[in-house]
$ cat query_11.cif   # mmCIF, C-alpha atoms
data_protein
#
loop_
_atom_site.label_atom_id
_atom_site.label_comp_id
_atom_site.auth_asym_id
_atom_site.auth_seq_id
_atom_site.Cartn_x
_atom_site.Cartn_y
_atom_site.Cartn_z
CA MET A 1 -13.03 -49.20 36.22
CA MET A 2 -13.99 -45.63 37.14
CA ALA A 3 -15.56 -46.92 40.35
CA GLY A 4 -12.13 -47.98 41.56
CA GLU A 5 -11.82 -51.54 40.29
CA VAL A 6 -8.90 -52.79 38.22
CA VAL A 7 -10.10 -54.39 35.00
CA THR A 8 -8.17 -57.15 33.20
CA ASP A 9 -8.62 -59.04 29.95
CA LEU A 10 -10.49 -61.88 31.59
CA ASP A 11 -13.00 -59.47 33.14
CA VAL A 12 -14.33 -58.61 29.70
CA MET A 13 -13.24 -61.43 27.38
CA THR A 14 -12.82 -65.20 27.38
CA LEU A 15 -9.52 -66.89 26.45
CA GLU A 16 -11.08 -67.96 23.15
CA GLN A 17 -12.04 -64.37 22.33
CA ILE A 18 -8.54 -63.17 23.19
CA ARG A 19 -6.96 -65.71 20.85
CA SER A 20 -9.10 -64.55 17.92
CA ASP A 21 -9.26 -60.80 18.63
CA PRO A 22 -7.48 -58.64 15.96
CA MET A 23 -6.13 -56.14 18.52
CA TYR A 24 -4.24 -58.89 20.32
CA ASN A 25 -3.09 -60.70 17.19
CA GLU A 26 -2.08 -57.63 15.18
CA VAL A 27 -1.00 -55.14 17.87
CA LEU A 28 -0.02 -56.84 21.12
CA PHE A 29 1.12 -60.40 20.39
CA PRO A 30 3.75 -59.39 17.76
CA PHE A 31 5.51 -57.32 20.46
CA GLY A 32 5.32 -60.06 23.04
CA TYR A 33 2.48 -58.53 25.08
CA ARG A 34 -0.35 -60.80 26.16
CA TRP A 35 -2.05 -59.64 29.38
CA PHE A 36 -3.70 -56.31 30.18
CA ALA A 37 -4.80 -54.43 33.30
CA GLY A 38 -6.48 -51.02 33.45
CA ILE A 39 -6.65 -48.61 36.41
CA GLY A 40 -9.30 -45.88 36.25
CA PHE A 41 -8.68 -42.41 37.65
CA TRP A 42 -9.92 -38.84 37.24
CA ALA A 43 -8.25 -35.67 35.97
CA ASP A 44 -10.66 -33.09 37.36
CA THR A 45 -13.94 -34.25 35.73
CA ALA A 46 -12.36 -36.22 32.87
CA ALA A 47 -12.13 -40.01 33.05
CA TRP A 48 -8.74 -41.56 32.29
CA ALA A 49 -7.21 -45.02 32.49
CA LEU A 50 -3.64 -46.19 33.01
CA THR A 51 -3.07 -49.42 31.11
CA ILE A 52 -0.34 -51.93 31.89
CA GLN A 53 0.75 -54.77 29.59
CA ARG A 54 2.48 -57.99 30.59
CA THR A 55 4.31 -60.46 28.40
CA GLY A 56 3.26 -64.07 28.18
CA PRO A 57 5.98 -65.40 30.55
CA GLU A 58 5.06 -62.75 33.16
CA GLY A 59 1.61 -64.28 33.39
CA MET A 60 -1.86 -62.81 33.71
CA PHE A 61 -2.89 -60.34 36.40
CA GLU A 62 -4.27 -62.17 39.41
CA ALA A 63 -6.50 -61.05 42.30
CA ARG A 64 -3.56 -59.93 44.49
CA ASP A 65 -2.10 -57.88 41.61
CA LYS A 66 -5.43 -56.17 41.11
CA GLN A 67 -5.66 -55.25 44.80
CA LEU A 68 -2.22 -53.65 44.73
CA LEU A 69 -2.88 -51.75 41.50
CA ALA A 70 -6.20 -50.44 42.85
CA GLN A 71 -4.25 -48.55 45.51
CA LEU A 72 -2.73 -46.40 42.76
CA ALA A 73 -6.07 -44.96 41.65
CA PRO A 74 -6.43 -42.24 44.38
CA ARG A 75 -2.82 -41.09 43.90
CA LEU A 76 -3.26 -40.95 40.13
CA THR A 77 -6.42 -38.88 40.55
CA GLU A 78 -4.69 -36.43 42.89
CA THR A 79 -1.72 -36.00 40.55
CA ALA A 80 -3.78 -35.66 37.36
CA THR A 81 -6.27 -33.24 38.92
CA LEU A 82 -3.47 -31.04 40.25
CA ALA A 83 -1.71 -31.05 36.88
CA THR A 84 -4.99 -30.09 35.18
CA ALA A 85 -5.60 -27.22 37.60
CA VAL A 86 -2.06 -25.85 37.23
CA GLY A 87 -2.27 -26.13 33.44
CA ARG A 88 -5.61 -24.34 33.36
CA VAL A 89 -4.22 -21.44 35.44
CA ALA A 90 -1.21 -21.16 33.10
CA LEU A 91 -3.49 -21.22 30.06
CA THR A 92 -5.79 -18.56 31.50
CA SER A 93 -2.83 -16.33 32.35
CA MET A 94 -1.48 -16.63 28.82
CA THR A 95 -4.76 -15.73 27.09
CA ASP A 96 -5.53 -12.94 29.58
CA VAL A 97 -2.16 -11.30 28.87
CA LEU A 98 -2.99 -11.34 25.16
CA SER A 99 -6.39 -9.86 25.96
CA ARG A 100 -4.78 -6.93 27.81
CA VAL A 101 -2.87 -5.99 24.65
CA ARG A 102 -6.09 -6.37 22.62
CA GLN A 103 -4.90 -9.51 20.86
CA PRO A 104 -7.77 -11.94 20.16
CA ALA A 105 -6.73 -15.52 20.91
CA LEU A 106 -8.21 -18.95 21.41
CA VAL A 107 -6.76 -22.30 22.46
CA LEU A 108 -7.35 -25.63 20.72
CA ASN A 109 -6.93 -29.09 22.20
CA ARG A 110 -5.50 -32.12 20.39
CA GLU A 111 -8.84 -32.80 18.70
CA GLY A 112 -9.06 -29.25 17.35
CA MET A 113 -11.81 -28.26 19.77
CA VAL A 114 -11.78 -24.86 21.50
CA LEU A 115 -10.64 -25.05 25.12
CA ARG A 116 -10.66 -21.33 25.83
CA THR A 117 -11.15 -17.93 24.21
CA ASN A 118 -10.09 -14.59 25.63
CA GLU A 119 -12.39 -11.60 26.12
CA VAL A 120 -11.14 -9.70 23.08
CA ALA A 121 -11.82 -12.67 20.79
CA ASP A 122 -15.33 -13.07 22.20
CA CYS A 123 -16.06 -9.43 21.32
CA GLY A 124 -14.99 -9.95 17.70
CA PHE A 125 -16.88 -13.13 16.76
CA ASP A 126 -19.75 -12.72 14.30
CA ASP A 127 -21.56 -14.69 11.58
CA GLU A 128 -18.35 -14.99 9.55
CA ILE A 129 -16.00 -16.10 12.35
CA ARG A 130 -17.61 -17.85 15.31
CA ILE A 131 -17.48 -20.75 17.73
CA ARG A 132 -20.08 -23.47 17.17
CA GLU A 133 -20.21 -26.63 19.28
CA ARG A 134 -16.70 -25.89 20.58
CA ARG A 135 -15.24 -25.57 17.08
CA LEU A 136 -14.00 -22.52 15.19
CA VAL A 137 -16.17 -22.03 12.10
CA LEU A 138 -15.31 -19.71 9.18
CA ARG A 139 -17.68 -18.55 6.45
CA ASP A 140 -14.74 -18.16 4.03
CA LYS A 141 -14.72 -21.65 2.49
CA GLN A 142 -11.11 -21.49 1.32
CA ALA A 143 -9.96 -20.45 4.80
CA MET A 144 -12.16 -23.15 6.38
CA THR A 145 -10.48 -25.80 4.21
CA LYS A 146 -7.06 -24.60 5.40
CA LEU A 147 -8.29 -24.58 9.01
CA ASP A 148 -9.45 -28.20 8.63
CA GLN A 149 -5.99 -29.08 7.31
CA LEU A 150 -4.44 -27.32 10.30
CA ILE A 151 -6.60 -29.30 12.71
CA SER A 152 -5.55 -32.52 10.97
CA LEU A 153 -1.93 -31.50 11.57
CA ILE A 154 -2.69 -30.82 15.23
CA ARG A 155 -4.18 -34.30 15.58
CA SER A 156 -1.31 -36.07 13.86
CA THR A 157 1.74 -34.11 15.08
CA PRO A 158 3.36 -35.33 18.34
CA ASP A 159 3.15 -32.88 21.22
CA ALA A 160 6.92 -32.40 21.36
CA ILE A 161 7.10 -31.24 17.72
CA ALA A 162 6.10 -27.74 16.55
CA ILE A 163 3.14 -27.72 14.18
CA PRO A 164 4.37 -26.66 10.70
CA ALA A 165 1.57 -24.30 9.69
CA SER A 166 1.45 -21.14 7.61
CA PRO A 167 -0.82 -18.18 8.47
CA ILE A 168 -4.39 -18.43 7.17
CA LEU A 169 -6.03 -15.40 5.53
CA ILE A 170 -9.75 -15.18 6.36
CA ARG A 171 -11.70 -12.91 3.99
CA ARG A 172 -14.82 -11.17 5.28
CA THR A 173 -17.74 -9.64 3.39
CA THR A 174 -17.84 -6.11 4.79
CA LYS A 175 -14.88 -6.01 7.18
CA PRO A 176 -11.10 -6.17 6.70
CA PRO A 177 -9.60 -9.66 6.39
CA VAL A 178 -8.33 -11.51 9.45
CA VAL A 179 -4.98 -13.29 9.63
CA LEU A 180 -4.93 -16.47 11.73
CA ARG A 181 -1.56 -17.57 13.10
CA ILE A 182 -0.68 -20.55 15.27
CA LEU A 183 1.57 -20.48 18.33
CA PRO A 184 2.74 -23.47 20.43
CA VAL A 185 1.52 -24.17 23.95
CA ASP A 186 4.43 -24.49 26.39
CA GLY A 187 5.08 -25.14 30.06
CA ALA A 188 2.38 -26.17 32.50
CA ALA A 189 -0.35 -25.26 30.02
CA ARG A 190 0.73 -28.24 27.92
CA SER A 191 -0.42 -30.72 30.57
CA VAL A 192 -1.36 -34.03 28.97
CA PHE A 193 -4.55 -34.06 31.02
CA LEU A 194 -5.63 -30.57 29.95
CA GLY A 195 -4.95 -31.33 26.30
CA ALA A 196 -4.06 -27.80 25.15
CA ARG A 197 -2.15 -28.07 21.88
CA ALA A 198 -2.14 -24.73 20.04
CA VAL A 199 -2.91 -21.03 20.48
CA LEU A 200 -4.57 -19.31 17.54
CA ILE A 201 -3.96 -15.57 17.17
CA LEU A 202 -6.53 -13.61 15.16
CA SER A 203 -5.15 -10.32 13.83
CA ASN A 204 -7.69 -7.62 12.82
CA LEU A 205 -10.63 -9.50 14.34
CA VAL A 206 -11.50 -6.38 16.35
CA PRO A 207 -11.02 -2.73 15.32
CA ARG A 208 -7.65 -1.24 16.17
CA ALA A 209 -7.59 0.89 19.28
CA ALA A 210 -6.78 4.53 18.60
CA PRO A 211 -3.40 5.66 19.97
CA ASP A 212 -3.48 8.26 22.70
CA PRO A 213 -3.56 11.70 20.98
CA ALA A 214 -1.53 13.22 23.82
CA LEU A 215 1.20 10.61 23.30
CA ILE A 216 1.22 11.27 19.56
CA GLY A 217 1.53 14.99 20.21
CA GLN A 218 4.49 14.46 22.54
CA ALA A 219 6.22 12.10 20.13
CA PHE A 220 5.99 14.33 17.06
CA ASP A 221 5.40 17.81 18.53
CA LEU A 222 1.89 18.05 17.07
CA THR A 223 -0.84 20.46 18.12
CA ARG A 224 -3.89 19.10 19.93
CA ALA A 225 -5.99 19.25 16.76
CA GLU A 226 -3.28 17.56 14.69
CA SER A 227 -2.85 14.84 17.33
CA ARG A 228 -6.57 14.05 17.40
CA LEU A 229 -6.68 13.77 13.61
CA ALA A 230 -3.58 11.53 13.51
CA ALA A 231 -5.11 9.25 16.16
CA LEU A 232 -8.30 8.81 14.13
CA LEU A 233 -6.41 8.15 10.91
CA ALA A 234 -4.40 5.45 12.72
CA THR A 235 -7.63 3.49 13.27
CA GLY A 236 -8.19 3.30 9.52
CA ALA A 237 -10.62 6.23 9.29
CA SER A 238 -10.65 8.25 6.05
CA ILE A 239 -9.89 11.97 6.02
CA ASP A 240 -13.59 12.64 5.33
CA SER A 241 -14.92 10.54 8.21
CA ALA A 242 -12.23 11.90 10.55
CA SER A 243 -13.13 15.52 9.72
CA GLU A 244 -16.82 14.78 10.27
CA HIS A 245 -16.05 13.10 13.61
CA LEU A 246 -13.94 16.08 14.74
CA GLY A 247 -16.50 18.63 13.54
CA ILE A 248 -14.12 20.40 11.17
CA SER A 249 -14.19 21.03 7.44
CA ARG A 250 -12.45 18.71 5.02
CA GLU A 251 -10.14 21.56 3.98
CA THR A 252 -9.11 22.17 7.60
CA ALA A 253 -8.47 18.46 8.05
CA ARG A 254 -6.29 18.43 4.92
CA ASN A 255 -4.28 21.39 6.24
CA HIS A 256 -3.78 19.56 9.54
CA LEU A 257 -2.68 16.47 7.60
CA LYS A 258 -0.08 18.49 5.65
CA ALA A 259 1.33 19.77 8.94
CA ILE A 260 1.36 16.23 10.35
CA PHE A 261 3.26 14.97 7.29
CA SER A 262 5.81 17.74 7.71
CA LYS A 263 6.41 17.03 11.40
CA THR A 264 6.44 13.20 11.21
CA GLY A 265 8.33 12.82 7.94
CA ALA A 266 5.55 10.70 6.44
CA HIS A 267 4.69 11.25 2.78
CA ARG A 268 1.47 9.23 2.49
CA GLN A 269 -1.43 8.48 4.79
CA SER A 270 -0.53 4.78 4.85
CA GLU A 271 2.99 5.66 6.09
CA LEU A 272 1.48 7.87 8.79
CA VAL A 273 -0.87 5.11 9.94
CA THR A 274 2.03 2.65 10.18
CA LEU A 275 4.12 5.13 12.13
CA VAL A 276 1.46 6.31 14.55
CA SER A 277 0.00 2.82 15.11
CA GLN A 278 3.22 1.83 16.83
CA LEU A 279 2.21 4.10 19.70
CA ALA A 280 -1.11 2.28 20.24
#
$ encode --input "query_11.cif" --output "structure tokens"
Amino acid sequence: MMAGEVVTDLDVMTLEQIRSDPMYNEVLFPFGYRWFAGIGFWADTAAWALTIQRTGPEGMFEARDKQLLAQLAPRLTETATLATAVGRVALTSMTDVLSRVRQPALVLNREGMVLRTNEVADCGFDDEIRIRERRLVLRDKQAMTKLDQLISLIRSTPDAIAIPASPILIRRTTKPPVVLRILPVDGAARSVFLGARAVLILSNLVPRAAPDPALIGQAFDLTRAESRLAALLATGASIDSASEHLGISRETARNHLKAIFSKTGAHRQSELVTLVSQLA
């Protein structure tokens, strides 16, 4: 078929085999279909086949029918390959945009296999969250069970319907937990030939980028020293580690923090982190 020939029932089965075959008796015959023809074509490097069914009264596919159908194969290959290329460009653009805002993301196909990961996600994978044989693997067993359930949903949910999935919390041994969320694939990226079905967003997979101290200073009228401290605290650093990094005493850092609280209106370090992180 992939060499350009049109294949029919009688190319692979006898009439006796057709009469006794379960697929015909349980799937095709009850709906009135009796005769089959398949046209092979390519979508980039993937092999596909267009199948056509005829009813009993329409008769089997004959030699002339096969010659006419074979002429469709080159056009089908051109169309499918173009659709695949356009979909791949759209998919790459989508994941690259997420990478620019430091959002780790990966794309799954209908079988739950990884089609693409962006650069930020690649930098965050480790022994606890990784790609193995084109599948996302989690060390957290509870999260892995939920991921398997999600993949089952992806396989069973029609493409036109949003996948009803809740976020998955992935616990890690020595690092903060990661939240996995699912987004739909839309537009050209949802090409049937490309097979992209869902985008997975991984929050907290990589350390937060520190906000620009100069921007923090402008926003809240902080001194240079106060701005640098606020930027470090926004990454999750403790007051002790931040003071050590800045080369100042813990008491000086605490005095800076009091001034930062006064100028920003924050009352606790967690409130300050939430406020300043919005400038990242």
$ resolve_selection --input "query_11.cif" --expression "the PyMOL selection byres ((chain A and resi 113) around 10)" --output "list of chain:residue names"
A:Val107, A:Leu108, A:Asn109, A:Arg110, A:Glu111, A:Gly112, A:Val114, A:Leu115, A:Arg116, A:Ile131, A:Arg132, A:Glu133, A:Arg134, A:Arg135, A:Leu136, A:Ile151, A:Gly195, A:Ala196, A:Arg197
$ resolve_selection --input "query_11.cif" --expression "the PyMOL selection byres ((chain A and resi 255-266) around 8)" --output "VMD selection string"
chain A and resid 220 to 222 225 to 226 229 to 230 251 to 254 267 to 269 271 to 272
$ resolve_selection --input "query_11.cif" --expression "the PyMOL selection byres ((chain A and resi 60) around 12)" --output "CSV table (one decimal) with C-alpha atoms, in the coordinates of the input"
chain,number,residue,atom,x,y,z
A,7,VAL,CA,-10.1,-54.4,35.0
A,8,THR,CA,-8.2,-57.2,33.2
A,9,ASP,CA,-8.6,-59.0,30.0
A,10,LEU,CA,-10.5,-61.9,31.6
A,11,ASP,CA,-13.0,-59.5,33.1
A,15,LEU,CA,-9.5,-66.9,26.4
A,33,TYR,CA,2.5,-58.5,25.1
A,34,ARG,CA,-0.4,-60.8,26.2
A,35,TRP,CA,-2.0,-59.6,29.4
A,36,PHE,CA,-3.7,-56.3,30.2
A,37,ALA,CA,-4.8,-54.4,33.3
A,52,ILE,CA,-0.3,-51.9,31.9
A,53,GLN,CA,0.8,-54.8,29.6
A,54,ARG,CA,2.5,-58.0,30.6
A,55,THR,CA,4.3,-60.5,28.4
A,56,GLY,CA,3.3,-64.1,28.2
A,57,PRO,CA,6.0,-65.4,30.6
A,58,GLU,CA,5.1,-62.8,33.2
A,59,GLY,CA,1.6,-64.3,33.4
A,61,PHE,CA,-2.9,-60.3,36.4
A,62,GLU,CA,-4.3,-62.2,39.4
A,63,ALA,CA,-6.5,-61.0,42.3
A,64,ARG,CA,-3.6,-59.9,44.5
A,65,ASP,CA,-2.1,-57.9,41.6
A,66,LYS,CA,-5.4,-56.2,41.1
$ residues_around --input "query_11.cif" --residues "Gln103 of chain A" --least-positions-apart "2" --cutoff "8 Å" --atoms "only C-alpha atoms" --output "VMD selection string"
chain A and resid 98 to 101 105 120 to 121 201 to 203
$ axis_aligned_box --input "query_11.cif" --around "segment 247-255 of chain A" --padding-each-side "3 Å" --output "AutoDock Vina command-line options"
--center_x -10.4 --center_y 20.3 --center_z 8.8 --size_x 18.2 --size_y 9.7 --size_z 15.6
$ atom_distance --input "query_11.cif" --atom1 "atom CA of Thr84 of chain A" --atom2 "atom CA of Trp42 of chain A"
10.3 Å
$ atom_distance --input "query_11.cif" --atom1 "atom CA of Leu233 of chain A" --atom2 "atom CA of Thr173 of chain A"
22.4 Å
$ atom_distance --input "query_11.cif" --atom1 "atom CA of Thr81 of chain A" --atom2 "atom CA of Val185 of chain A"
19.2 Å
$ closest_residue --input "query_11.cif" --among "A:Thr77, A:Ser270, A:Ser93, A:Asn25" --to "Ala188 of chain A" --atoms "all atoms listed in the file"
A:Ser93
$ residues_near_point --input "query_11.cif" --point "(-5.3, -40.5, 38.9)" --cutoff "8 Å" --atoms "only C-alpha atoms" --output "PyMOL selection string"
chain A and resi 40-43+48+72-81
$ residues_around --input "query_11.cif" --residues "Ala219 of chain A" --least-positions-apart "3" --cutoff "10 Å" --atoms "only C-alpha atoms" --output "list in words"
Pro213, Ala214, Leu215, Ile216, Leu222, Ser227, Thr264, Val276 and Leu279 of chain A
$ residues_around --input "query_11.cif" --residues "Lys141 of chain A" --least-positions-apart "6" --cutoff "10 Å" --atoms "all atoms listed in the file" --output "NGL selection string"
:A and (147 or 170-171)
$ residues_near_point --input "query_11.cif" --point "(-12.8, -4.6, 17.1)" --cutoff "12 Å" --atoms "only C-alpha atoms" --output "list in words"
Arg102, Gln103, Pro104, Glu119, Val120, Ala121, Asp122, Cys123, Gly124, Phe125, Asp126, Lys175, Pro176, Val178, Leu202, Ser203, Asn204, Leu205, Val206, Pro207, Arg208, Ala209, Ala210, Thr235 and Gly236 of chain A
$ closest_residue --input "query_11.cif" --among "A:Asp148, A:His245, A:Ala49, A:Asp159" --to "Gly187 of chain A" --atoms "all atoms listed in the file"
A:Asp159
$ closest_residue --input "query_11.cif" --among "A:Pro177, A:Gly87, A:Pro167, A:Pro22" --to "Glu128 of chain A" --atoms "only C-alpha atoms"
A:Pro177
$ closest_residue --input "query_11.cif" --among "A:Asp127, A:Asp212, A:Glu5, A:Asp96" --to "Thr174 of chain A" --atoms "only C-alpha atoms"
A:Asp127
$ residues_around --input "query_11.cif" --residues "Ala85 of chain A" --least-positions-apart "5" --cutoff "10 Å" --atoms "all atoms listed in the file" --output "list in words"
Ala43, Asp44, Ala80, Ala90, Leu91, Ala188, Ala189, Ser191, Phe193 and Leu194 of chain A
